[in-house]
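One structure is given here, and the rest of the page talks about it.
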Number of protein chains: 2
Amino acid sequence: MATKQPAVSAPVDVTRFKYSNRVVLKTILGSRDGGVGLVGKRVVIGGWVRSSKAVTEQPATPPLPLPPPKTDERVDETGSKDVSCVEILQSRIPFFRSILKVFGGGNYHLREKLEQVIPRPPGPPPPPSPSIAFLQVSDGSCVACLQVVVVAAVAPISQLLPTGTCMLVEGVLVQPSVLGKHVIELKAEKVLHVGTVEHDKYPLSKKKLPFDMLRDCSHFRPRTTTVASVTRISNALTFASHTFFHNHGFLYMQVPIITTTDSEGFTEKFVVTTLFGKAVKMGKPNANTKIEGISLEVIKSAVNEKSNLVEELKRSDSNKEALAAAVQDLRKTNELASQLEAKEKSKPGTSLKVEKVNFSEDFFSCQTYLTVSGRLHLESYACSLGNVYSIGPRFQADCAKPVAEMSMIEIEMAFSQLEDAMSCADDFFKFLCKWILDNCSDDITFVSKRSDKTCIDRLQSLISSTVEKVSYNDVVDVLKKVTDKKFETELEWGAALTAEHLSYLVEDIHKKPVIIYNYPKQAKPFYARLNDDGKTVAAFDMVVPKAGTLISGSQNEERFDKLDSRIKELGLPREQYEWYLDLRRHGTVEHSGFSLGLDHVVLLATGLTNVRDVIPFPRSHAKADC
Amino acid sequence: MATKQPAVSAPVDVTRFKYSNRVVLKTILGSRDGGVGLVGKRVVIGGWVRSSKAVTEQPATPPLPLPPPKTDERVDETGSKDVSCVEILQSRIPFFRSILKVFGGGNYHLREKLEQVIPRPPGPPPPPSPSIAFLQVSDGSCVACLQVVVVAAVAPISQLLPTGTCMLVEGVLVQPSVLGKHVIELKAEKVLHVGTVEHDKYPLSKKKLPFDMLRDCSHFRPRTTTVASVTRISNALTFASHTFFHNHGFLYMQVPIITTTDSEGFTEKFVVTTLFGKAVKMGKPNANTKIEGISLEVIKSAVNEKSNLVEELKRSDSNKEALAAAVQDLRKTNELASQLEAKEKSKPGTSLKVEKVNFSEDFFSCQTYLTVSGRLHLESYACSLGNVYSIGPRFQADCAKPVAEMSMIEIEMAFSQLEDAMSCADDFFKFLCKWILDNCSDDITFVSKRSDKTCIDRLQSLISSTVEKVSYNDVVDVLKKVTDKKFETELEWGAALTAEHLSYLVEDIHKKPVIIYNYPKQAKPFYARLNDDGKTVAAFDMVVPKAGTLISGSQNEERFDKLDSRIKELGLPREQYEWYLDLRRHGTVEHSGFSLGLDHVVLLATGLTNVRDVIPFPRSHAKADC
């Protein structure tokens, strides 16, 4: 129920937001003096009620103002009594009745509905209507709320009290009669807009929802102070990233999201298609039949065999690619088995036809995916323009990951080697940490209280520490000599380092960020540059205490023959990589780069632990929900 | 064939790029004095050869240097003679032979191949080997090239001459003995890396490729000065956008790319799926059969009927949504007809089973799309945090569009009305134009010579002109009175304005940008706010001379009942929009915003006309190619 916002002619002498008639609260509350210098100024402000208090009689001395915003978005836990929706509605029955008389006289339907909604008080007469409201209003521009004081003569107070109510108010900034942390409050003179709340249906009406419940109402959760702070921190990190690369002369480019190139070679991808509009063609029996007449027994024995292989690979942990391939293979075989089983049940003894999808009928006449990484495309621009970067969404159809869509920063530099990429990654990471401390201290302070109070100290120590650079060989040597801890996965040269290895390395041994470089080639993507030993590649990971691997990078293979061999060795579809090989055929150059998961830096800065709490609209995938 | 880049210990006293051992050319050529103040400095530079000239004898007086970079990436049209690949190869036969002797002695295959590739000179003996090379080298950091002079004692010259050769060179900056536009050149002392070119296979070996051929080698085209300039302009526009919104206190958010919400209601979308890995399930006969036993005759008559409807709607041009729906309907019916026809041919008299896709088996357990617009999701954040924006890719599976993936900037502001969004759009657009003039003048100057020489004047006039705001009603009135031009599509109230209407309006009548507002509701998306007349909505388009519609925006419907009715009226799937309606149920607020196609601003700034020339890796869709 929105009221029409009138054209405002009120004199406003605090800088208002240029594209609205309101003053953004940060303009008032974000100043060094907390806004006290603005006492006496007339302003229009807008925002949403975070918490409220009402008093029923105008006291001779003004009531104690609500305490200023606390460690959570609602202040209820401090002891001040919240007004429930029923109380409000009950208290306002006379008011609603008079409204009904004036506006809804003939509208019996509306009247009936309202009478149903408003519970009649059981016995004693209704308490007198509240006469003053103290509202903590936030507009999302900063952590702090502005206390807005509304008297009954200005607006129907009970309408304003529920958490989540939107209001646009004109008034005068005054000094509160009782000073709390707030040094200023707004004495409302005109309420220009009210966006009411259906209290019983509004998910944020409940006090302090846990994060998992907030995830279920992702369209409202930025109204909580925590998610608002997370959004401001995330915004700051994006701007900081652009600033860093702009200052160093990098060129921004938006890499294609729809791609035919499989940049990793072993990641599950989303297919992009318009074929479902052409379901007819897909249903058609087709000559390219993949499987026909396979019995359930054959499939089941294959499943057993493949399960064993996966288990074995997991135990040895020796080859990331081989494991990924085996897992995928097992998954497909399992699916096939369950199909066949279902089929057998309904019609024993039959087998199944599996048809190939004809992608030549698709929008791009071939199979296309959502990009997993933009680095390959960035290379093309680096091998022309020098230093380039991209910020944007990247995708993995991996049920084991909490989200399918991640915000990544990727860079590529020509005439650069492994050492350069590591050095740039280190500088960039420190730049981000410093930017957050310099620009988002209120937000970190607030969020860390709910999650991890050591956030600020950690960021400060990350800025001042020197990153430790250790080769993979040395890491294995060191970890093998560890006696005070037994790792679940025994470490052998060539294996990927697990989370517990990494955590021991950075938290117990070095106690600061570590860059591990020169990985075994099987642990890294095909494009990493082969070292002279023929076994390791010029790739690195930057591992940060509490956060794990934040940056992965590499010098990429610029030698045609070596890259060509690697593509063959891994059995990658060569035709997909012709353009990529071309970059080595003509005017090739040494180049290196890295990618950083921006959402994980937000986790590090806020102390939160689930990435679904820091990205907008996290879409949960089927398996995580079941 | 890359040579290993050695660790460089050379004294370099011009600021080098921090993450490489080279100095970026802009550091030298971009200074006010063109670099002349750096004469005598030793530097390492890297880049790709844009054009070259070789002389065969060391002359007593140094030869005329190549003219500095001209209006195209190769300087050949200026009269200086380019060295063709054959000439180079012929001239280097003795050199190749000696290489073969040393490295390829036993490699008969290589020797044979080389002998084939190198045409033998018809009669006279080969000319003497060139002894000095003059190379125009670019590293993509600026329009200008640095002339690098290499004598035969420093490196095998003929290897360096082909266009596209990559090199990393150490040398001393000197004043050219004959001054052209260049005031400085590099006297090479050490060639640290050469990335050779397979001249006959390198697509940019040919002079001045037309744009459509450049599109076919999009991984190399940023090596042309034109596409390099376009990339720098595009980069500048992105940074300018972040700067503008950051300065105004907007928060950046990355909207979800994979979405279940159809934001426009009438756009063809890409489906995102992992179902093809589960082809088994899709091929299975299914109870949810959509069509069964329809004869070809029935379908053919339906096709006729639907074609007529589409034609009629096109002629009247009265309702964008109705036309879109009819076109889609016709397309589907046509497809069905051709399927049936094929089927009939092979087996006369049969009919066809069409199966429904079971999206509950898909990754997200439901059908998901690539987002068409992020404005709906932005609204959710605006209705919590005030002012938000996003920059990123948006998608349309529309064969009539040149690209499927566009770079869009979208904003949303709470407590803002139509007028505010129009004002912000105007300011933002002017800010972009000014930014380009201030930061990319060399690039625009260069590109506009190839496309449209009036670019700079146009940008200047756009900055100084006041945008004209005209209501749709007034536009129709004015255009109906036009007598000096006959429009192909007759204009009736309610119809969409066609390109020729818009062009007449901005180029002939107003001669400056025009904002058209208050469109008929059927011409705009469902979420635009209904005006009091019940017929028009608070939506606008900003139309710019030569560029057409660059910005589309609206105040969005904040009233629950009105929005709910509109969703019903259009028959949109209500369950998709529950969260969106929620924003009106609880704490609703007036809000407005707009979206701008960044790629189209690049077109405007450069004078180019095909959007596929300004985006990286434009993927052509099937129908455009056939």
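In the structure tokens, chains take the letters A, B, ... in the order shown, each chain's residues start at 1, and ligands count up from 1 in the order shown.
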
Please return, as a VMD selection string, all residues of chain B lying within 6 Å of chain A when only C-alpha atoms are considered.
chain B and resid 19 to 20 139 to 140 164 to 166 195 to 197 219 222 to 223 235 251 to 252 270 to 274 280 354 363 to 365 380 384 to 385 416 420 586 to 588 621 to 622

Test item: residues at most 9 Å from A:Arg566, only C-alpha atoms, excluding those fewer than 5 positions along its chain, as a ChimeraX atom specification:
/A:526-527,561,571-572

Would you return as an mmCIF file with N, CA and C atoms, in the first residue's frame the members of stretch 394-436 of chain B that DSSP assigns to strand (DSSP E or B) on this structure's backbone?
```cif
data_model
loop_
_atom_site.group_PDB
_atom_site.id
_atom_site.type_symbol
_atom_site.label_atom_id
_atom_site.label_comp_id
_atom_site.auth_asym_id
_atom_site.auth_seq_id
_atom_site.Cartn_x
_atom_site.Cartn_y
_atom_site.Cartn_z
ATOM 1 N N ARG B 394 24.345 -9.889 -20.790
ATOM 2 C CA ARG B 394 22.931 -10.256 -20.835
ATOM 3 C C ARG B 394 22.695 -10.945 -22.170
ATOM 4 N N PHE B 395 21.670 -11.769 -22.236
ATOM 5 C CA PHE B 395 21.556 -12.713 -23.346
ATOM 6 C C PHE B 395 20.184 -12.690 -24.013
ATOM 7 N N GLU B 405 25.028 -12.101 -26.907
ATOM 8 C CA GLU B 405 25.587 -11.752 -25.602
ATOM 9 C C GLU B 405 25.986 -10.288 -25.632
ATOM 10 N N MET B 406 25.362 -9.510 -24.786
ATOM 11 C CA MET B 406 25.640 -8.076 -24.803
ATOM 12 C C MET B 406 26.128 -7.593 -23.457
ATOM 13 N N SER B 407 26.958 -6.567 -23.478
ATOM 14 C CA SER B 407 27.455 -5.996 -22.237
ATOM 15 C C SER B 407 26.527 -4.854 -21.828
ATOM 16 N N MET B 408 25.850 -5.038 -20.689
ATOM 17 C CA MET B 408 24.856 -4.047 -20.284
ATOM 18 C C MET B 408 25.205 -3.410 -18.943
ATOM 19 N N ILE B 409 24.844 -2.160 -18.827
ATOM 20 C CA ILE B 409 24.913 -1.478 -17.537
ATOM 21 C C ILE B 409 23.484 -1.228 -17.100
ATOM 22 N N GLU B 410 23.170 -1.665 -15.901
ATOM 23 C CA GLU B 410 21.803 -1.489 -15.412
ATOM 24 C C GLU B 410 21.856 -0.843 -14.029
ATOM 25 N N ILE B 411 20.922 0.039 -13.786
ATOM 26 C CA ILE B 411 20.885 0.682 -12.472
ATOM 27 C C ILE B 411 19.467 0.654 -11.934
ATOM 28 N N GLU B 412 19.345 0.789 -10.636
ATOM 29 C CA GLU B 412 18.029 0.899 -10.007
ATOM 30 C C GLU B 412 18.175 1.778 -8.771
ATOM 31 N N MET B 413 17.225 2.701 -8.616
ATOM 32 C CA MET B 413 17.300 3.654 -7.503
ATOM 33 C C MET B 413 15.988 3.656 -6.732
ATOM 34 N N ALA B 414 16.093 3.530 -5.414
ATOM 35 C CA ALA B 414 14.893 3.615 -4.580
ATOM 36 C C ALA B 414 14.561 5.072 -4.323
#
```

How many Å lie between atom CA of A:Ser554 and atom CA of A:Ala499, rounded to one decimal?
20.4 Å

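Proximity ranking of B:Asn334, B:Asn518, B:Ser241, B:Thr368 relative to B:Leu598 places B:Ser241 first, based on only C-alpha atoms.
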
Separating atom CA of A:Leu437 from atom CA of A:Leu462, to the nearest tenth of an Å, is a gap of 11.3 Å

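If you count only C-alpha atoms and ignore residues fewer than 4 places along the chain from A:Ser503, what sits within 9 Å of it is Thr498, Ala499, Glu507, Asp508, Val543, Val544, Pro545, Lys546, Ala547 and Gly548 of chain A.
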
Residues within 7 Å of B:Thr536, please, as number ranges by chain. Count only C-alpha atoms; anything in the same chain fewer than 2 positions from it doesn't count.
B: 518-521, 530-531, 533-534, 538

Residues of the last selection are to be written out with N, CA and C atoms, as a PDB file, in the first residue's frame.
```pdb
ATOM      1  N   ASN B 518       6.642   8.114 -21.252  1.00  0.00           N
ATOM      2  CA  ASN B 518       5.218   7.766 -21.181  1.00  0.00           C
ATOM      3  C   ASN B 518       4.742   6.998 -22.415  1.00  0.00           C
ATOM      4  N   TYR B 519       5.309   5.842 -22.580  1.00  0.00           N
ATOM      5  CA  TYR B 519       4.959   4.970 -23.705  1.00  0.00           C
ATOM      6  C   TYR B 519       3.630   4.253 -23.456  1.00  0.00           C
ATOM      7  N   PRO B 520       2.971   3.833 -24.524  1.00  0.00           N
ATOM      8  CA  PRO B 520       1.800   2.960 -24.338  1.00  0.00           C
ATOM      9  C   PRO B 520       2.242   1.694 -23.610  1.00  0.00           C
ATOM     10  N   LYS B 521       1.405   1.207 -22.724  1.00  0.00           N
ATOM     11  CA  LYS B 521       1.851   0.101 -21.878  1.00  0.00           C
ATOM     12  C   LYS B 521       2.207  -1.144 -22.672  1.00  0.00           C
ATOM     13  N   LEU B 530       2.250   2.035 -14.275  1.00  0.00           N
ATOM     14  CA  LEU B 530       1.084   2.520 -15.010  1.00  0.00           C
ATOM     15  C   LEU B 530       0.796   3.970 -14.641  1.00  0.00           C
ATOM     16  N   ASN B 531       0.614   4.799 -15.655  1.00  0.00           N
ATOM     17  CA  ASN B 531       0.246   6.187 -15.392  1.00  0.00           C
ATOM     18  C   ASN B 531      -1.241   6.302 -15.088  1.00  0.00           C
ATOM     19  N   ASP B 533      -3.553   7.712 -16.608  1.00  0.00           N
ATOM     20  CA  ASP B 533      -4.461   7.569 -17.760  1.00  0.00           C
ATOM     21  C   ASP B 533      -4.824   6.095 -18.020  1.00  0.00           C
ATOM     22  N   GLY B 534      -4.131   5.180 -17.342  1.00  0.00           N
ATOM     23  CA  GLY B 534      -4.445   3.756 -17.520  1.00  0.00           C
ATOM     24  C   GLY B 534      -3.954   3.178 -18.840  1.00  0.00           C
ATOM     25  N   ALA B 538       5.227   4.762 -17.152  1.00  0.00           N
ATOM     26  CA  ALA B 538       6.328   5.687 -16.876  1.00  0.00           C
ATOM     27  C   ALA B 538       7.652   5.087 -17.352  1.00  0.00           C
TER      28      ALA B 538
END
```

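For the pair atom CA of B:Ala153 and atom CA of B:Val14, the interatomic distance is 25.6 Å.
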